[in-house]
file input.pdb (PDB, C-alpha atoms, pLDDT in the B column)
ATOM      1  CA  MET A 363      -6.940  -3.572  -2.992  1.00 49.00           C
ATOM      2  CA  PHE A 364      -3.631  -2.966  -4.702  1.00 59.00           C
ATOM      3  CA  PRO A 365      -3.273   0.793  -5.154  1.00 61.00           C
ATOM      4  CA  GLY A 366       0.030   1.747  -6.701  1.00 68.00           C
ATOM      5  CA  GLY A 367       2.099   4.829  -7.169  1.00 76.00           C
ATOM      6  CA  ARG A 368       5.468   6.305  -6.462  1.00 86.00           C
ATOM      7  CA  ILE A 369       7.072   7.862  -3.436  1.00 93.00           C
ATOM      8  CA  GLU A 370       7.011  11.639  -3.571  1.00 93.00           C
ATOM      9  CA  LYS A 371       9.623  13.826  -1.890  1.00 93.00           C
ATOM     10  CA  GLU A 372       6.980  15.033   0.571  1.00 93.00           C
ATOM     11  CA  ASP A 373       6.345  11.418   1.665  1.00 96.00           C
ATOM     12  CA  TRP A 374       9.713  11.275   3.431  1.00 96.00           C
ATOM     13  CA  GLY A 375      10.737  14.914   3.721  1.00 94.00           C
ATOM     14  CA  PRO A 376      11.357  16.966   6.871  1.00 94.00           C
ATOM     15  CA  GLY A 377       8.596  16.793   9.457  1.00 94.00           C
ATOM     16  CA  ILE A 378       6.823  13.740   8.068  1.00 96.00           C
ATOM     17  CA  ALA A 379       7.974  11.422  10.861  1.00 97.00           C
ATOM     18  CA  ALA A 380       6.181  13.649  13.378  1.00 96.00           C
ATOM     19  CA  LEU A 381       2.954  12.979  11.480  1.00 97.00           C
ATOM     20  CA  CYS A 382       3.350   9.194  11.801  1.00 97.00           C
ATOM     21  CA  ARG A 383       2.273   7.099  14.764  1.00 97.00           C
ATOM     22  CA  GLY A 384       3.932   3.833  15.712  1.00 95.00           C
ATOM     23  CA  LEU A 385       6.822   4.027  13.243  1.00 97.00           C
ATOM     24  CA  THR A 386      10.060   5.997  13.409  1.00 97.00           C
ATOM     25  CA  ARG A 387      12.511   6.701  10.616  1.00 98.00           C
ATOM     26  CA  GLN A 388      14.970   4.327  12.249  1.00 97.00           C
ATOM     27  CA  GLU A 389      12.419   1.496  12.463  1.00 97.00           C
ATOM     28  CA  ALA A 390      11.380   1.974   8.847  1.00 97.00           C
ATOM     29  CA  ALA A 391      15.002   1.932   7.687  1.00 97.00           C
ATOM     30  CA  ALA A 392      15.717  -1.206   9.716  1.00 96.00           C
ATOM     31  CA  THR A 393      12.764  -2.964   8.054  1.00 96.00           C
ATOM     32  CA  LEU A 394      13.552  -1.809   4.500  1.00 96.00           C
ATOM     33  CA  ARG A 395      17.275  -2.399   4.769  1.00 93.00           C
ATOM     34  CA  THR A 396      18.235  -1.717   1.153  1.00 93.00           C
ATOM     35  CA  VAL A 397      16.545   1.676   0.759  1.00 96.00           C
ATOM     36  CA  GLU A 398      18.900   4.584   0.179  1.00 95.00           C
ATOM     37  CA  PRO A 399      19.101   7.025   1.750  1.00 97.00           C
ATOM     38  CA  PRO A 400      17.734   5.286   4.870  1.00 97.00           C
ATOM     39  CA  ASP A 401      15.599   8.324   5.738  1.00 97.00           C
ATOM     40  CA  ARG A 402      13.566   7.600   2.598  1.00 97.00           C
ATOM     41  CA  ALA A 403      12.277   4.275   3.988  1.00 97.00           C
ATOM     42  CA  ILE A 404       9.456   5.825   6.012  1.00 98.00           C
ATOM     43  CA  GLY A 405       8.127   7.235   2.756  1.00 97.00           C
ATOM     44  CA  PHE A 406       6.991   3.772   1.663  1.00 97.00           C
ATOM     45  CA  TRP A 407       4.430   3.661   4.486  1.00 97.00           C
ATOM     46  CA  VAL A 408       3.368   7.266   3.940  1.00 97.00           C
ATOM     47  CA  ALA A 409       3.039   6.787   0.178  1.00 96.00           C
ATOM     48  CA  ALA A 410       0.991   3.611   0.677  1.00 96.00           C
ATOM     49  CA  ILE A 411      -1.458   5.438   2.954  1.00 95.00           C
ATOM     50  CA  ARG A 412      -1.598   8.450   0.644  1.00 94.00           C
ATOM     51  CA  GLU A 413      -2.222   6.366  -2.476  1.00 92.00           C
ATOM     52  CA  VAL A 414      -5.027   4.370  -0.830  1.00 93.00           C
ATOM     53  CA  PHE A 415      -6.607   7.628   0.281  1.00 92.00           C
ATOM     54  CA  GLU A 416      -6.290   9.320  -3.098  1.00 89.00           C
ATOM     55  CA  GLU A 417      -7.536   6.337  -5.096  1.00 89.00           C
ATOM     56  CA  VAL A 418     -10.301   4.850  -2.929  1.00 90.00           C
ATOM     57  CA  GLY A 419     -10.887   7.363  -0.126  1.00 90.00           C
ATOM     58  CA  LEU A 420      -9.873   5.202   2.853  1.00 93.00           C
ATOM     59  CA  LEU A 421      -7.562   7.038   5.250  1.00 95.00           C
ATOM     60  CA  PHE A 422      -5.449   5.141   7.784  1.00 96.00           C
ATOM     61  CA  ALA A 423      -5.084   7.815  10.443  1.00 96.00           C
ATOM     62  CA  PHE A 424      -5.726   8.705  14.077  1.00 96.00           C
ATOM     63  CA  ASP A 425      -7.770  11.780  14.985  1.00 94.00           C
ATOM     64  CA  ARG A 426      -7.067  14.412  17.631  1.00 93.00           C
ATOM     65  CA  THR A 427      -8.396  12.093  20.377  1.00 94.00           C
ATOM     66  CA  GLY A 428      -6.034   9.281  19.388  1.00 95.00           C
ATOM     67  CA  SER A 429      -8.848   7.161  17.948  1.00 94.00           C
ATOM     68  CA  LEU A 430      -8.844   5.696  14.462  1.00 94.00           C
ATOM     69  CA  LEU A 431     -10.416   8.193  12.087  1.00 93.00           C
ATOM     70  CA  ARG A 432     -14.126   7.853  11.341  1.00 89.00           C
ATOM     71  CA  CYS A 433     -15.002   9.655   8.101  1.00 85.00           C
ATOM     72  CA  GLN A 434     -18.606  10.512   8.887  1.00 81.00           C
ATOM     73  CA  GLY A 435     -20.761  13.643   8.886  1.00 84.00           C
ATOM     74  CA  GLU A 436     -18.983  16.997   8.715  1.00 86.00           C
ATOM     75  CA  THR A 437     -15.610  15.382   9.346  1.00 85.00           C
ATOM     76  CA  GLY A 438     -16.066  13.106   6.374  1.00 85.00           C
ATOM     77  CA  GLN A 439     -17.099  16.016   4.158  1.00 88.00           C
ATOM     78  CA  ARG A 440     -14.023  18.047   5.139  1.00 88.00           C
ATOM     79  CA  ILE A 441     -11.754  15.058   4.572  1.00 88.00           C
ATOM     80  CA  GLN A 442     -13.168  14.485   1.101  1.00 85.00           C
ATOM     81  CA  GLN A 443     -12.819  18.174   0.200  1.00 86.00           C
ATOM     82  CA  LEU A 444      -9.170  18.060   1.227  1.00 83.00           C
ATOM     83  CA  ARG A 445      -8.755  14.821  -0.697  1.00 88.00           C
ATOM     84  CA  ARG A 446      -9.957  16.530  -3.865  1.00 86.00           C
ATOM     85  CA  ALA A 447      -7.517  19.364  -3.262  1.00 85.00           C
ATOM     86  CA  CYS A 448      -4.685  16.843  -2.881  1.00 84.00           C
ATOM     87  CA  ARG A 449      -5.646  15.102  -6.128  1.00 81.00           C
ATOM     88  CA  GLU A 450      -5.825  18.415  -7.953  1.00 82.00           C
ATOM     89  CA  GLY A 451      -2.425  19.426  -6.611  1.00 79.00           C
ATOM     90  CA  THR A 452      -3.628  22.530  -4.772  1.00 79.00           C
ATOM     91  CA  ARG A 453      -2.794  21.050  -1.359  1.00 82.00           C
ATOM     92  CA  HIS A 454      -0.174  18.618  -0.116  1.00 87.00           C
ATOM     93  CA  PHE A 455      -1.098  15.475   1.803  1.00 91.00           C
ATOM     94  CA  ALA A 456       0.670  16.851   4.891  1.00 92.00           C
ATOM     95  CA  ASP A 457      -1.559  19.946   4.705  1.00 89.00           C
ATOM     96  CA  LEU A 458      -4.595  17.719   5.186  1.00 89.00           C
ATOM     97  CA  LEU A 459      -3.037  16.042   8.194  1.00 93.00           C
ATOM     98  CA  HIS A 460      -2.148  19.357   9.818  1.00 92.00           C
ATOM     99  CA  ALA A 461      -5.565  20.861   9.067  1.00 89.00           C
ATOM    100  CA  GLU A 462      -7.429  17.981  10.744  1.00 91.00           C
ATOM    101  CA  GLY A 463      -4.895  17.225  13.489  1.00 94.00           C
ATOM    102  CA  LEU A 464      -4.338  13.714  12.136  1.00 95.00           C
ATOM    103  CA  ARG A 465      -1.488  11.258  12.603  1.00 97.00           C
ATOM    104  CA  LEU A 466      -0.916   8.543  10.027  1.00 97.00           C
ATOM    105  CA  ALA A 467      -1.616   5.030  11.294  1.00 97.00           C
ATOM    106  CA  THR A 468       1.666   3.683   9.944  1.00 98.00           C
ATOM    107  CA  ASP A 469       1.608   0.980  12.623  1.00 96.00           C
ATOM    108  CA  ARG A 470      -1.495  -0.489  10.931  1.00 96.00           C
ATOM    109  CA  LEU A 471       0.390  -1.245   7.696  1.00 97.00           C
ATOM    110  CA  HIS A 472       2.413  -4.466   7.755  1.00 97.00           C
ATOM    111  CA  TYR A 473       5.231  -5.194   5.325  1.00 96.00           C
ATOM    112  CA  LEU A 474       4.430  -8.263   3.236  1.00 96.00           C
ATOM    113  CA  SER A 475       6.663  -8.577   0.168  1.00 96.00           C
ATOM    114  CA  HIS A 476       9.125  -6.935  -2.203  1.00 96.00           C
ATOM    115  CA  TRP A 477       8.901  -7.502  -5.957  1.00 95.00           C
ATOM    116  CA  ILE A 478      11.388  -6.430  -8.625  1.00 94.00           C
ATOM    117  CA  THR A 479      10.549  -6.610 -12.340  1.00 92.00           C
ATOM    118  CA  PRO A 480      12.623  -9.093 -14.387  1.00 91.00           C
ATOM    119  CA  GLU A 481      15.771  -7.576 -15.842  1.00 89.00           C
ATOM    120  CA  GLU A 482      14.586  -8.603 -19.301  1.00 88.00           C
ATOM    121  CA  ARG A 483      11.730  -6.079 -19.195  1.00 87.00           C
ATOM    122  CA  SER A 484      12.371  -2.640 -20.681  1.00 86.00           C
ATOM    123  CA  VAL A 485      10.156  -0.976 -18.048  1.00 85.00           C
ATOM    124  CA  ARG A 486      10.944  -2.090 -14.524  1.00 87.00           C
ATOM    125  CA  ASN A 487       9.409  -1.532 -11.096  1.00 88.00           C
ATOM    126  CA  ASP A 488      10.666  -2.029  -7.572  1.00 91.00           C
ATOM    127  CA  ALA A 489       7.506  -2.466  -5.485  1.00 91.00           C
ATOM    128  CA  ARG A 490       6.797  -3.129  -1.811  1.00 94.00           C
ATOM    129  CA  PHE A 491       3.507  -4.691  -0.741  1.00 94.00           C
ATOM    130  CA  PHE A 492       1.804  -3.974   2.588  1.00 96.00           C
ATOM    131  CA  VAL A 493      -1.300  -5.474   4.182  1.00 95.00           C
ATOM    132  CA  ALA A 494      -3.762  -3.843   6.551  1.00 95.00           C
ATOM    133  CA  ARG A 495      -7.230  -4.271   7.985  1.00 94.00           C
ATOM    134  CA  ALA A 496      -9.584  -1.796   6.297  1.00 92.00           C
ATOM    135  CA  PRO A 497     -10.606   1.013   8.672  1.00 91.00           C
ATOM    136  CA  ASP A 498     -14.070   0.854  10.196  1.00 88.00           C
ATOM    137  CA  ASP A 499     -16.672   3.566   9.605  1.00 86.00           C
ATOM    138  CA  GLN A 500     -15.148   4.638   6.305  1.00 90.00           C
ATOM    139  CA  GLU A 501     -16.613   4.127   2.861  1.00 87.00           C
ATOM    140  CA  VAL A 502     -14.800   3.514  -0.394  1.00 89.00           C
ATOM    141  CA  THR A 503     -15.140   6.536  -2.700  1.00 86.00           C
ATOM    142  CA  LEU A 504     -13.367   6.049  -6.002  1.00 87.00           C
ATOM    143  CA  ASP A 505     -11.227   8.536  -7.857  1.00 82.00           C
ATOM    144  CA  PRO A 506     -12.823   8.344 -11.335  1.00 81.00           C
ATOM    145  CA  ASP A 507      -9.433   8.954 -12.955  1.00 80.00           C
ATOM    146  CA  GLU A 508      -8.055   5.840 -11.227  1.00 77.00           C
ATOM    147  CA  ALA A 509     -10.944   3.349 -11.075  1.00 79.00           C
ATOM    148  CA  THR A 510     -14.486   2.886 -12.358  1.00 81.00           C
ATOM    149  CA  ASP A 511     -15.900   0.324  -9.929  1.00 85.00           C
ATOM    150  CA  PHE A 512     -15.053  -1.770  -6.883  1.00 86.00           C
ATOM    151  CA  HIS A 513     -16.282  -4.732  -4.899  1.00 85.00           C
ATOM    152  CA  TRP A 514     -14.862  -6.714  -2.011  1.00 89.00           C
ATOM    153  CA  VAL A 515     -13.661 -10.209  -2.895  1.00 91.00           C
ATOM    154  CA  THR A 516     -11.675 -12.972  -1.249  1.00 92.00           C
ATOM    155  CA  PRO A 517      -8.309 -13.981  -2.738  1.00 93.00           C
ATOM    156  CA  GLU A 518      -9.991 -17.124  -4.088  1.00 95.00           C
ATOM    157  CA  GLU A 519     -12.716 -15.111  -5.816  1.00 95.00           C
ATOM    158  CA  ALA A 520     -10.181 -12.710  -7.306  1.00 94.00           C
ATOM    159  CA  LEU A 521      -8.069 -15.548  -8.692  1.00 96.00           C
ATOM    160  CA  THR A 522     -11.139 -17.240 -10.147  1.00 96.00           C
ATOM    161  CA  GLY A 523     -12.026 -13.987 -11.886  1.00 96.00           C
ATOM    162  CA  GLU A 524      -8.492 -13.715 -13.237  1.00 95.00           C
ATOM    163  CA  ALA A 525      -8.590 -17.277 -14.576  1.00 96.00           C
ATOM    164  CA  ARG A 526     -11.849 -16.499 -16.393  1.00 96.00           C
ATOM    165  CA  GLY A 527     -10.358 -13.359 -17.906  1.00 94.00           C
ATOM    166  CA  ALA A 528     -12.852 -11.179 -16.044  1.00 93.00           C
ATOM    167  CA  LEU A 529     -10.287  -9.677 -13.659  1.00 92.00           C
ATOM    168  CA  PRO A 530      -6.896  -9.376 -15.392  1.00 92.00           C
ATOM    169  CA  MET A 531      -3.947  -9.030 -13.035  1.00 92.00           C
ATOM    170  CA  ARG A 532      -0.202  -8.678 -13.166  1.00 90.00           C
ATOM    171  CA  PHE A 533       1.988 -11.580 -12.146  1.00 92.00           C
ATOM    172  CA  PRO A 534       3.029 -10.188  -8.711  1.00 92.00           C
ATOM    173  CA  THR A 535      -0.614  -9.555  -7.840  1.00 92.00           C
ATOM    174  CA  ILE A 536      -1.551 -13.116  -8.755  1.00 94.00           C
ATOM    175  CA  LYS A 537       1.292 -14.565  -6.708  1.00 94.00           C
ATOM    176  CA  THR A 538       0.467 -12.314  -3.764  1.00 93.00           C
ATOM    177  CA  LEU A 539      -3.164 -13.431  -3.798  1.00 94.00           C
ATOM    178  CA  GLU A 540      -2.057 -17.062  -3.969  1.00 93.00           C
ATOM    179  CA  ALA A 541       0.039 -16.468  -0.848  1.00 90.00           C
ATOM    180  CA  LEU A 542      -2.897 -14.778   0.898  1.00 92.00           C
ATOM    181  CA  MET A 543      -5.112 -17.811   0.341  1.00 89.00           C
ATOM    182  CA  GLY A 544      -3.243 -19.688   3.049  1.00 81.00           C
ATOM    183  CA  ALA A 545      -3.542 -16.932   5.634  1.00 85.00           C
ATOM    184  CA  GLY A 546      -7.035 -17.804   6.848  1.00 81.00           C
ATOM    185  CA  ASP A 547      -8.155 -14.308   7.804  1.00 88.00           C
ATOM    186  CA  VAL A 548      -6.788 -10.794   8.259  1.00 92.00           C
ATOM    187  CA  THR A 549      -5.758 -11.397  11.880  1.00 94.00           C
ATOM    188  CA  HIS A 550      -3.674 -14.445  10.975  1.00 93.00           C
ATOM    189  CA  LEU A 551      -2.244 -12.693   7.923  1.00 93.00           C
ATOM    190  CA  ILE A 552      -1.044  -9.724   9.947  1.00 95.00           C
ATOM    191  CA  ALA A 553       0.374 -12.033  12.620  1.00 94.00           C
ATOM    192  CA  SER A 554       2.369 -13.855   9.941  1.00 93.00           C
ATOM    193  CA  THR A 555       4.192 -10.637   8.996  1.00 94.00           C
ATOM    194  CA  ARG A 556       5.555  -9.956  12.485  1.00 91.00           C
ATOM    195  CA  GLY A 557       9.265 -10.600  12.629  1.00 88.00           C
ATOM    196  CA  LYS A 558       9.293 -11.672   8.993  1.00 89.00           C
ATOM    197  CA  VAL A 559      12.481 -10.916   7.053  1.00 90.00           C
ATOM    198  CA  VAL A 560      11.276  -9.973   3.578  1.00 95.00           C
ATOM    199  CA  GLN A 561      13.589 -10.965   0.760  1.00 94.00           C
ATOM    200  CA  PRO A 562      13.207  -9.358  -2.680  1.00 95.00           C
ATOM    201  CA  ILE A 563      11.509 -11.522  -5.310  1.00 96.00           C
ATOM    202  CA  ARG A 564      13.046 -11.026  -8.747  1.00 94.00           C
ATOM    203  CA  PRO A 565      11.487 -13.303 -11.419  1.00 95.00           C
ATOM    204  CA  ARG A 566      13.239 -13.889 -14.758  1.00 94.00           C
ATOM    205  CA  LEU A 567      11.917 -14.361 -18.276  1.00 92.00           C
ATOM    206  CA  ALA A 568      12.633 -17.590 -20.126  1.00 89.00           C
ATOM    207  CA  GLY A 569      11.120 -16.846 -23.511  1.00 84.00           C
ATOM    208  CA  GLU A 570       7.523 -15.947 -22.764  1.00 84.00           C
ATOM    209  CA  ARG A 571       7.526 -17.829 -19.479  1.00 90.00           C
ATOM    210  CA  ILE A 572       8.010 -16.117 -16.115  1.00 92.00           C
ATOM    211  CA  VAL A 573      10.338 -18.129 -13.882  1.00 93.00           C
ATOM    212  CA  MET A 574      10.393 -17.686 -10.118  1.00 92.00           C
ATOM    213  CA  PRO A 575      13.506 -18.055  -7.959  1.00 91.00           C
ATOM    214  CA  GLY A 576      14.050 -21.760  -7.167  1.00 89.00           C
ATOM    215  CA  GLU A 577      12.090 -22.991 -10.186  1.00 90.00           C
ATOM    216  CA  PRO A 578      13.742 -24.972 -13.017  1.00 89.00           C
ATOM    217  CA  GLY A 579      15.162 -22.616 -15.630  1.00 82.00           C
ATOM    218  CA  TYR A 580      15.834 -19.748 -13.219  1.00 85.00           C
ATOM    219  CA  PHE A 581      19.198 -18.122 -13.827  1.00 81.00           C
TER     220      PHE A 581
END

call {"tool": "encode", "arguments": {"input": "input.pdb", "output": "structure tokens"}}
result
Amino acid sequence: MFPGGRIEKEDWGPGIAALCRGLTRQEAAATLRTVEPPDRAIGFWVAAIREVFEEVGLLFAFDRTGSLLRCQGETGQRIQQLRRACREGTRHFADLLHAEGLRLATDRLHYLSHWITPEERSVRNDARFFVARAPDDQEVTLDPDEATDFHWVTPEEALTGEARGALPMRFPTIKTLEALMGAGDVTHLIASTRGKVVQPIRPRLAGERIVMPGEPGYF
């Protein structure tokens, strides 16, 4: 899944680091070295978790016992009620975490890549990609304002769908899936991110053609 969004002030504001497990502000800033101010870096992990939760209902978090959250029974119903409140703007994401005694599983998100829109585009994005193993005992529940359907596919299946025109994707998504094809499985993919120094990828436009760094025609 490739949920997207922007970092909100609450994602890196006062007190948020205390709601994260396995990642400090200093560690986040050291990983995302170009983010200013450095305190804002932790917000990329928080925003990624929040966006996944808001869009598809999966919540990377630890419960009061220190176990990964299982959204079942009454707990699942409460979580989904709070999710609706977050989407409607009547509650903040941090309110949900405090109400349920949760800590964000920021250590389960692994930094994969950094894409910057070509300078030739009038609308530009500066996006960071993370990978994670989907939490067990949680079910995808779509936000109807964000998505209409879902199904699990391999990178190969997704790229085949894109080539047929059945699953249109943006260029960074295509390139990311191509990179994932060589990972083997989630365990190997996550292992490949450890110690990795992520350099920003900034394609350029040569006419209608997108040119990657190192390719002929890149300037």

call {"tool": "resolve_selection", "arguments": {"input": "input.pdb", "expression": "the PyMOL selection byres ((chain A and resi 512) around 10)", "output": "PDB file with C-alpha atoms, keeping the file's coordinate frame"}}
result
ATOM      1  CA  MET A 363      -6.940  -3.572  -2.992  1.00 49.00           C
ATOM      2  CA  VAL A 418     -10.301   4.850  -2.929  1.00 90.00           C
ATOM      3  CA  VAL A 502     -14.800   3.514  -0.394  1.00 89.00           C
ATOM      4  CA  THR A 503     -15.140   6.536  -2.700  1.00 86.00           C
ATOM      5  CA  LEU A 504     -13.367   6.049  -6.002  1.00 87.00           C
ATOM      6  CA  ALA A 509     -10.944   3.349 -11.075  1.00 79.00           C
ATOM      7  CA  THR A 510     -14.486   2.886 -12.358  1.00 81.00           C
ATOM      8  CA  ASP A 511     -15.900   0.324  -9.929  1.00 85.00           C
ATOM      9  CA  HIS A 513     -16.282  -4.732  -4.899  1.00 85.00           C
ATOM     10  CA  TRP A 514     -14.862  -6.714  -2.011  1.00 89.00           C
ATOM     11  CA  VAL A 515     -13.661 -10.209  -2.895  1.00 91.00           C
TER      12      VAL A 515
END

call {"tool": "closest_residue", "arguments": {"input": "input.pdb", "among": "A:Arg470, A:Val573, A:Arg490, A:Phe581", "to": "Ala553 in chain A", "atoms": "all atoms listed in the file"}}
result
A:Arg470

call {"tool": "closest_residue", "arguments": {"input": "input.pdb", "among": "A:Ala391, A:Glu570, A:Arg432, A:Ser475", "to": "Leu539 in chain A", "atoms": "all atoms listed in the file"}}
result
A:Ser475

call {"tool": "resolve_selection", "arguments": {"input": "input.pdb", "expression": "the PyMOL selection byres ((chain A and resi 436-449) around 12)", "output": "number ranges by chain"}}
result
A: 412-421, 423, 425-426, 431-435, 450-464, 499-508

call {"tool": "atom_distance", "arguments": {"input": "input.pdb", "atom1": "CA of Pro480 in chain A", "atom2": "CA of Ile563 in chain A"}}
result
9.5 Å

call {"tool": "axis_aligned_box", "arguments": {"input": "input.pdb", "around": "range 492-509 of chain A", "padding_each_side": "8 Å", "output": "JSON"}}
result
{"center_x": -7.4, "center_y": 1.7, "center_z": -1.4, "size_x": 34.5, "size_y": 30.4, "size_z": 39.2}

call {"tool": "residues_around", "arguments": {"input": "input.pdb", "residues": "Glu519 in chain A", "least_positions_apart": "3", "cutoff": "12 Å", "atoms": "only C-alpha atoms", "output": "list in words"}}
result
His513, Trp514, Val515, Thr516, Thr522, Gly523, Glu524, Ala525, Arg526, Ala528, Leu529, Ile536, Leu539, Glu540, Leu542 and Met543 of chain A

call {"tool": "closest_residue", "arguments": {"input": "input.pdb", "among": "A:Ala392, A:Ala467, A:Val493, A:Ala409", "to": "Ala380 in chain A", "atoms": "only C-alpha atoms"}}
result
A:Ala467

call {"tool": "atom_distance", "arguments": {"input": "input.pdb", "atom1": "CA of Thr393 in chain A", "atom2": "CA of Val559 in chain A"}}
result
8.0 Å
